[in-house]
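These notes are about the structure you will find just below.
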Number of protein chains: 2
Amino acid sequence: MKVPHSSLITFALLFIQLTSASGGKILVFPLDGSHWVNMKVLIEELHAKGHDVTVVRASDSWYISEKSPLYTSVTLTSPNGFEQNFETFLSRQLEIRLQGGHTSFWSRFWTRIEMERVVVDQFSQFHKGMSEMVLQMFEDENLMQSLHKAKYDMVLTDPGIGGGAMLARWLQVPLVFNVRWTIQGEAHLLMAPSPLSYIPFTATEFTDKMTFPQRITNVLSYILGMYTLSYITEPHYKPLVKKYFGPDVDYSTFFLDADIWLMRNDFIFEYPRPTMPNIVYMGGFQCKPPKPLPVDLEDFVQSSGDHGVIMMTLGTLVGTLPQHIAEEIAAAFAQLPQKVVWRYMGQKPANLGNNTLIVNWLPQNDLLGHPKTKVFVAHGGTNGVQEAIYHGVPVVGLPLFFDQPDNLSRIKAKGGAVIVDIAVLDRHIFAEALMAALYNSSYRENMQRLSRLHRDQPMKPLDQAVFWIEYVIRHKGARHLQTMSHKMSWFVYNSVDVIAALLTFVLLITFTFISIIRLLGKMIFIRKKVKHE
Amino acid sequence: MKVPHSSLITFALLFIQLTSASGGKILVFPLDGSHWVNMKVLIEELHAKGHDVTVVRASDSWYISEKSPLYTSVTLTSPNGFEQNFETFLSRQLEIRLQGGHTSFWSRFWTRIEMERVVVDQFSQFHKGMSEMVLQMFEDENLMQSLHKAKYDMVLTDPGIGGGAMLARWLQVPLVFNVRWTIQGEAHLLMAPSPLSYIPFTATEFTDKMTFPQRITNVLSYILGMYTLSYITEPHYKPLVKKYFGPDVDYSTFFLDADIWLMRNDFIFEYPRPTMPNIVYMGGFQCKPPKPLPVDLEDFVQSSGDHGVIMMTLGTLVGTLPQHIAEEIAAAFAQLPQKVVWRYMGQKPANLGNNTLIVNWLPQNDLLGHPKTKVFVAHGGTNGVQEAIYHGVPVVGLPLFFDQPDNLSRIKAKGGAVIVDIAVLDRHIFAEALMAALYNSSYRENMQRLSRLHRDQPMKPLDQAVFWIEYVIRHKGARHLQTMSHKMSWFVYNSVDVIAALLTFVLLITFTFISIIRLLGKMIFIRKKVKHE
């Protein structure tokens, strides 16, 4: 059989394409918990595209299993009892959160301070543990040699901690972030100009339209936050950085190494702000069209008729609430003609209405995308909020901690959410919030508008993320997209030296001018004096 | 015949899609000259996609014809003799440019000042003429009413002048820029944070790595430039703005109205810098794969053998050079084994080599994309430089004026260009530059690398541009991508009021503290005194 020449060329090109496409070796250094849920979406896609993924995990990881068809794992010995510590942390936070309501300004102020103290303490503990784990990794010469020999094309990491960035610098391979937060709060703050006049600092819950007192609070929060955040992290990593990267290296510089920042965010959700050439927005990359519900759940949902369904979940971390709050929630639900699907792990409230179905788990994406779903009662985690935008469902927010208040404040500012303070929640307040979200059509219209805008992109967020990961592999990095600002000291970056030089020059000229005038004046005076004498 | 239900639905959806896709009514307010070449590329694409385009043009336009299958035109009476004025302007500029070489620092300094003066004068004349044209447009009530009644979906304009932006505000329709320059120089300067420590000001020819004296020059150039640029434009438009938009409206605010900025730029060409959510980079959107050359030109090119071809053109504006310079260029070409295609409108140099073909016009894109083309001798206009990047051809630059020195300095900094000062050019200097670009492989390698990076985008720049234009039509604007900074005074934006308040507070505290200490001191002193007495 004679094969035509052009077919041979096509075949050869196809072969080259296939071999080059399957070439990526990606080392993933993830963050555990809900951050891993995000990272796994990327890993699934990279695996499907034929990339070879290795995941670094802690021996007592919550979520990251050792064996997976998606990746090979490298297990690090983790500091003891981390999981338990975190559970104590969460319940302590929730406890403080619930004390906040029905009290005086000062009481709330002190609650807030107390909460900050707990957060700072716990995060400091967390980073201490993490830094010990990373140190152990670097000390393990065999492991490090084997990672080096594996010749990875890049490191993909969540820069909530710096281990992945350090690993990339040590291995001298390109670095990609899957990021929303770094050690300095919201990720942009570290690397993009962030005028505090319209960019609300992390956890202030302000919008991009701030009053004068809010702008003062914003600046003070920034100063305090920068100090606290570096205090939480830097000291723990100092010995490690000094030993493996040199005495003059600053821990924060590792976070500027990334070739590409895949930001779990976009400007449908976030307020518009200055950005950088190497930031790629992939907010809502985990969202997908709904799959059909399980038959019994579908039957329950359909039984709601035209009233539709309310779904409630406070995320994977918080399964239960104090009994009296659960009862107030149940009472509010029971008043409504809607059906309710409530993911709740605690004791079933005694006053639960017939319309309310309590479940241990719910198919969040499929239920959010169901046409009968009218309102989403949520704690405001990034994933849930992005999914609410994607499906265009109004939110009743019960923010608990971390970024939840900030996330919900953004949806509220865009007219898609009602926020209820869980510390003051009772059946009346909660029912009122639900009624607003159900019957004031503006909430649904706004969420539907956000959904349309979010979905109208040149490329799907997940495809975009994978494109830029493969771009970094193809071009062995993307340093040409990093600004020079990363390599400048703060006083050069802010032209302090130039301003000082120009001011000195102006002062010198002024001084010389004044001196000459004075001298002339004196000479005239002397001449006059001489004349007079 | 029974039509299946699903087919009917498909048909209905198709019908809706088709009618909604053909709906766009776009009013284009372009800038003439080479800017129109760019705009026309967009219009061709929009026309092909079924949009209905109307173009506002001047009665004595150079390039914008009244009749076109692509658009309907609206013709404005243009101030007299503009074209001739511009030609005088160009030859005067070229004259000064050629005087710059072989002279002392001070002589060059004064040449530069003189050139600036000519540019400022001419640009001021240009904006005076333009403002008169725009005023005439606004005064023509019938025209304005008909534009209003036409219910355009958006205005597309080049904000080199403000007419388009004013029209959009008056018609209350969304606005899209096709932009590289505004009244404040490089377009980012008006709306994105631009730290002068690594962002070279327009026309400095600096890179993003500046020395201390360069940074001082950069800051001074910025201050001078901002003053000059607003002086060139604002006064001419003031009466017009006052009459049609109110006495408190600032001319520069029209340039912040744009929903989307389609920037003729990207970070392969430009130094990485802060950007904004509503900026879309479409640098090189006019570039396309080469078509075959005309037969005689192809024969000439092929006759070059392995030596390949040099192509030279100084753009549409400059067809001729002083005879002595043309002869030096011809002499340098004659020394080389390459074949040369030179677009030149002047008198044929007497010493022209056998290897050099002089043409009145050349198919720039097709010749640049020809595998035999080794070097591109160019003046450094944005279009040519972008095409050189797209095709990966090294550049020998002879910058003349406008943005040309800046454009070429960028390609030089990235290792793809040799720049020759035309004022000092002789056969040896020029031949040396050509030899470097021909035989030092790094120039070609760098341009090929830039070409690979430029072409590796999630979406082609032109498709991206059209996507965002249609996005603005679909969503009736994209104000949700504009930052709040546009609506703030400079002192609020820079938190001057907050800093002042905080400083006052600190001073008050300090003052109070010192007063108390003093008071206490006095009391103790008095008590002691009392004791002693």
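Starting from 1 in every chain, residues are counted up; chains themselves are A, B, ... following the order of the structure tokens, and ligands are numbered from 1 as listed.
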
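Proximity to Val53 in chain B at 9 Å, evaluated using only C-alpha atoms and with sequence-adjacent residues fewer than 4 positions away removed, yields Gly24, Lys25, Ile26, Leu27, Val28, Ile43, Leu46, His47, Leu70, Tyr71, Thr72 and Ser73 of chain B.
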
Interface rows for chain B against chain A: nearest pair, Å to one decimal, 8 Å, only C-alpha atoms, as CSV:
residue,atom,partner,partner_atom,distance
B:Ala192,CA,A:Pro274,CA,6.7
B:Pro193,CA,A:Pro193,CA,6.6
B:Pro195,CA,A:Asn494,CA,7.0
B:Leu196,CA,A:Ser495,CA,7.3
B:Ser197,CA,A:Tyr493,CA,5.4
B:Tyr198,CA,A:Met484,CA,6.4
B:Asp208,CA,A:Met484,CA,6.6
B:Lys209,CA,A:Met484,CA,7.3
B:Phe212,CA,A:Val498,CA,7.5
B:Arg215,CA,A:Val498,CA,7.0
B:Ile216,CA,A:Val498,CA,5.7
B:Val219,CA,A:Val498,CA,8.0
B:Phe267,CA,A:Leu481,CA,6.6
B:Ile268,CA,A:His480,CA,7.5
B:Tyr271,CA,A:Thr483,CA,7.5
B:Pro272,CA,A:Thr483,CA,4.9
B:Arg273,CA,A:Thr483,CA,5.7
B:Pro274,CA,A:Met276,CA,4.9
B:Thr275,CA,A:Thr275,CA,5.2
B:Met276,CA,A:Pro274,CA,4.9
B:Pro277,CA,A:Pro272,CA,6.2
B:Leu453,CA,A:His475,CA,7.9
B:Asp456,CA,A:Tyr471,CA,7.7
B:Pro458,CA,A:Phe467,CA,6.9
B:Met459,CA,A:Pro458,CA,7.6
B:Gln464,CA,A:Pro458,CA,7.2
B:Phe467,CA,A:Pro458,CA,6.9
B:Tyr471,CA,A:Asp456,CA,7.7
B:His475,CA,A:Leu453,CA,7.9
B:His480,CA,A:Pro272,CA,7.3
B:Leu481,CA,A:Pro272,CA,5.6
B:Gln482,CA,A:Pro272,CA,6.1
B:Thr483,CA,A:Pro272,CA,4.9
B:Met484,CA,A:Tyr198,CA,6.4
B:Ser485,CA,A:Tyr198,CA,6.9
B:Val492,CA,A:Ser197,CA,6.6
B:Tyr493,CA,A:Ser197,CA,5.4
B:Asn494,CA,A:Ser197,CA,6.7
B:Ser495,CA,A:Ser197,CA,5.7
B:Val498,CA,A:Ile216,CA,5.7
B:Leu502,CA,A:Ile216,CA,7.8

I'd like to know which residues of range 16-189 of chain B are strand (DSSP E) (by DSSP, run on the backbone); could you write them as a ChimeraX atom specification?
/B:25-29,52-58,72-76,154-157,175-179,181-182,185-186

Spatial neighbours of range 385-394 of chain B, 6 Å, only C-alpha atoms, chain gap at least 3 places, as number ranges by chain: B: 284, 287, 369, 375, 380, 382, 416-417, 443-444, 447-448, 451

- request: Give the helix (DSSP H, G or I) residues of range 325-365 of chain A, as DSSP finds them on the backbone, and put them as a ChimeraX atom specification.
  value: /A:325-334,364-365

- Name the residues in contact with range 164-175 of chain B at a cut-off of 7 Å, using only C-alpha atoms, excluding same-chain residues fewer than 5 positions from it; report them as a VMD selection string. chain B and resid 29 148 153 to 157 254 to 255 257 to 259 476 to 477

Just to be explicit: take each residue in the selection above, keep all heavy atoms, and write the result as an mmCIF file, in the first residue's frame.
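Contents of out-v2.cif, as written:
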data_model
loop_
_atom_site.group_PDB
_atom_site.id
_atom_site.type_symbol
_atom_site.label_atom_id
_atom_site.label_comp_id
_atom_site.auth_asym_id
_atom_site.auth_seq_id
_atom_site.Cartn_x
_atom_site.Cartn_y
_atom_site.Cartn_z
ATOM 1 N N PHE B 29 -15.908 56.695 15.430
ATOM 2 C CA PHE B 29 -15.309 58.029 15.316
ATOM 3 C C PHE B 29 -13.798 57.817 15.302
ATOM 4 O O PHE B 29 -13.157 57.738 16.343
ATOM 5 C CB PHE B 29 -15.746 58.890 16.509
ATOM 6 C CG PHE B 29 -15.444 60.357 16.331
ATOM 7 C CD1 PHE B 29 -16.453 61.252 16.008
ATOM 8 C CD2 PHE B 29 -14.153 60.852 16.468
ATOM 9 C CE1 PHE B 29 -16.183 62.607 15.851
ATOM 10 C CE2 PHE B 29 -13.878 62.198 16.296
ATOM 11 C CZ PHE B 29 -14.891 63.079 15.994
ATOM 12 N N HIS B 148 -28.859 60.594 17.211
ATOM 13 C CA HIS B 148 -29.597 60.173 18.403
ATOM 14 C C HIS B 148 -30.682 59.165 18.031
ATOM 15 O O HIS B 148 -30.840 58.122 18.685
ATOM 16 C CB HIS B 148 -30.204 61.391 19.080
ATOM 17 C CG HIS B 148 -30.777 61.103 20.428
ATOM 18 N ND1 HIS B 148 -29.988 60.958 21.544
ATOM 19 C CD2 HIS B 148 -32.055 60.900 20.828
ATOM 20 C CE1 HIS B 148 -30.763 60.687 22.567
ATOM 21 N NE2 HIS B 148 -32.017 60.642 22.171
ATOM 22 N N ASP B 153 -25.737 51.111 19.285
ATOM 23 C CA ASP B 153 -25.466 50.272 20.456
ATOM 24 C C ASP B 153 -24.205 50.709 21.180
ATOM 25 O O ASP B 153 -24.034 50.437 22.365
ATOM 26 C CB ASP B 153 -25.313 48.812 20.028
ATOM 27 C CG ASP B 153 -26.627 48.227 19.570
ATOM 28 O OD1 ASP B 153 -27.554 48.238 20.386
ATOM 29 O OD2 ASP B 153 -26.733 47.800 18.408
ATOM 30 N N MET B 154 -23.311 51.363 20.428
ATOM 31 C CA MET B 154 -22.058 51.805 21.053
ATOM 32 C C MET B 154 -21.302 52.730 20.105
ATOM 33 O O MET B 154 -21.567 52.760 18.906
ATOM 34 C CB MET B 154 -21.162 50.611 21.380
ATOM 35 C CG MET B 154 -20.880 49.726 20.182
ATOM 36 S SD MET B 154 -19.579 48.514 20.492
ATOM 37 C CE MET B 154 -18.133 49.541 20.382
ATOM 38 N N VAL B 155 -20.339 53.470 20.691
ATOM 39 C CA VAL B 155 -19.397 54.257 19.906
ATOM 40 C C VAL B 155 -18.033 53.577 20.018
ATOM 41 O O VAL B 155 -17.613 53.191 21.109
ATOM 42 C CB VAL B 155 -19.318 55.718 20.411
ATOM 43 C CG1 VAL B 155 -18.131 56.448 19.801
ATOM 44 C CG2 VAL B 155 -20.616 56.455 20.120
ATOM 45 N N LEU B 156 -17.361 53.408 18.869
ATOM 46 C CA LEU B 156 -15.989 52.883 18.839
ATOM 47 C C LEU B 156 -15.110 54.022 18.367
ATOM 48 O O LEU B 156 -15.366 54.605 17.310
ATOM 49 C CB LEU B 156 -15.932 51.697 17.871
ATOM 50 C CG LEU B 156 -14.558 51.089 17.554
ATOM 51 C CD1 LEU B 156 -13.913 50.487 18.797
ATOM 52 C CD2 LEU B 156 -14.694 50.022 16.458
ATOM 53 N N THR B 157 -14.082 54.366 19.148
ATOM 54 C CA THR B 157 -13.269 55.533 18.781
ATOM 55 C C THR B 157 -11.804 55.335 19.120
ATOM 56 O O THR B 157 -11.458 54.486 19.945
ATOM 57 C CB THR B 157 -13.796 56.808 19.488
ATOM 58 O OG1 THR B 157 -13.187 57.952 18.896
ATOM 59 C CG2 THR B 157 -13.468 56.798 20.969
ATOM 60 N N PHE B 254 -13.643 62.655 29.853
ATOM 61 C CA PHE B 254 -14.238 61.913 28.742
ATOM 62 C C PHE B 254 -13.422 60.664 28.413
ATOM 63 O O PHE B 254 -13.954 59.663 27.948
ATOM 64 C CB PHE B 254 -14.328 62.801 27.492
ATOM 65 C CG PHE B 254 -15.356 63.884 27.620
ATOM 66 C CD1 PHE B 254 -15.006 65.160 28.023
ATOM 67 C CD2 PHE B 254 -16.685 63.612 27.363
ATOM 68 C CE1 PHE B 254 -15.952 66.155 28.154
ATOM 69 C CE2 PHE B 254 -17.655 64.605 27.484
ATOM 70 C CZ PHE B 254 -17.282 65.881 27.888
ATOM 71 N N PHE B 255 -12.120 60.753 28.671
ATOM 72 C CA PHE B 255 -11.231 59.643 28.334
ATOM 73 C C PHE B 255 -11.320 58.502 29.344
ATOM 74 O O PHE B 255 -10.727 57.457 29.164
ATOM 75 C CB PHE B 255 -9.794 60.149 28.211
ATOM 76 C CG PHE B 255 -9.637 61.108 27.069
ATOM 77 C CD1 PHE B 255 -9.876 62.460 27.245
ATOM 78 C CD2 PHE B 255 -9.299 60.650 25.817
ATOM 79 C CE1 PHE B 255 -9.770 63.342 26.187
ATOM 80 C CE2 PHE B 255 -9.191 61.521 24.748
ATOM 81 C CZ PHE B 255 -9.432 62.871 24.939
ATOM 82 N N ASP B 257 -14.367 57.452 30.312
ATOM 83 C CA ASP B 257 -15.708 56.899 30.134
ATOM 84 C C ASP B 257 -15.721 55.498 29.535
ATOM 85 O O ASP B 257 -16.697 54.769 29.691
ATOM 86 C CB ASP B 257 -16.527 57.802 29.187
ATOM 87 C CG ASP B 257 -17.131 59.008 29.907
ATOM 88 O OD1 ASP B 257 -16.994 59.071 31.139
ATOM 89 O OD2 ASP B 257 -17.734 59.859 29.237
ATOM 90 N N ALA B 258 -14.636 55.127 28.847
ATOM 91 C CA ALA B 258 -14.692 53.903 28.032
ATOM 92 C C ALA B 258 -15.042 52.664 28.850
ATOM 93 O O ALA B 258 -14.514 52.454 29.937
ATOM 94 C CB ALA B 258 -13.370 53.678 27.317
ATOM 95 N N ASP B 259 -15.961 51.883 28.326
ATOM 96 C CA ASP B 259 -16.292 50.602 28.944
ATOM 97 C C ASP B 259 -15.129 49.627 28.772
ATOM 98 O O ASP B 259 -14.754 48.938 29.701
ATOM 99 C CB ASP B 259 -17.556 50.030 28.315
ATOM 100 C CG ASP B 259 -18.770 50.879 28.626
ATOM 101 O OD1 ASP B 259 -19.008 51.853 27.900
ATOM 102 O OD2 ASP B 259 -19.455 50.581 29.613
ATOM 103 N N LYS B 476 -24.978 45.944 27.025
ATOM 104 C CA LYS B 476 -25.205 47.407 27.051
ATOM 105 C C LYS B 476 -24.155 48.120 27.891
ATOM 106 O O LYS B 476 -24.452 48.961 28.748
ATOM 107 C CB LYS B 476 -26.614 47.723 27.571
ATOM 108 C CG LYS B 476 -27.721 47.049 26.742
ATOM 109 C CD LYS B 476 -29.094 47.498 27.126
ATOM 110 C CE LYS B 476 -30.169 46.618 26.487
ATOM 111 N NZ LYS B 476 -29.990 46.427 25.021
ATOM 112 N N GLY B 477 -22.887 47.770 27.642
ATOM 113 C CA GLY B 477 -21.777 48.397 28.366
ATOM 114 C C GLY B 477 -21.044 47.405 29.237
ATOM 115 O O GLY B 477 -21.408 46.221 29.286
#

message: So that I can see what lies close to Ala437 in chain A, please list as JSON, numbers by chain the residues with an atom at most 12 Å from it, counting only C-alpha atoms and leaving out residues fewer than 4 positions away in the same chain.
response: {"A": [310, 373, 374, 375, 376, 377, 393, 394, 395, 396, 397, 412, 415, 416, 417, 418, 419, 420, 430, 431, 432, 433, 441, 442, 443, 444, 445, 446, 447]}

Contact residues around Leu321 in chain B with only C-alpha atoms at 9 Å, ignoring same-chain residues under 4 positions, as a ChimeraX atom specification: /B:94,325-326,344-346

If you keep N, CA and C atoms, can you produce a file of those selected residues as an mmCIF file, in the first residue's frame?
data_model
loop_
_atom_site.group_PDB
_atom_site.id
_atom_site.type_symbol
_atom_site.label_atom_id
_atom_site.label_comp_id
_atom_site.auth_asym_id
_atom_site.auth_seq_id
_atom_site.Cartn_x
_atom_site.Cartn_y
_atom_site.Cartn_z
ATOM 1 N N LEU B 94 11.338 66.098 10.164
ATOM 2 C CA LEU B 94 12.399 65.288 9.577
ATOM 3 C C LEU B 94 13.675 66.121 9.465
ATOM 4 N N ILE B 325 21.727 60.954 2.164
ATOM 5 C CA ILE B 325 21.428 59.813 3.055
ATOM 6 C C ILE B 325 21.023 58.603 2.219
ATOM 7 N N ALA B 326 20.192 58.839 1.209
ATOM 8 C CA ALA B 326 19.769 57.746 0.334
ATOM 9 C C ALA B 326 20.990 57.073 -0.302
ATOM 10 N N TYR B 344 10.999 53.101 -1.876
ATOM 11 C CA TYR B 344 11.552 54.461 -1.871
ATOM 12 C C TYR B 344 10.908 55.267 -2.984
ATOM 13 N N MET B 345 10.403 56.463 -2.650
ATOM 14 C CA MET B 345 9.662 57.276 -3.613
ATOM 15 C C MET B 345 10.533 58.388 -4.192
ATOM 16 N N GLY B 346 11.748 58.579 -3.633
ATOM 17 C CA GLY B 346 12.607 59.686 -4.070
ATOM 18 C C GLY B 346 13.384 59.341 -5.341
#
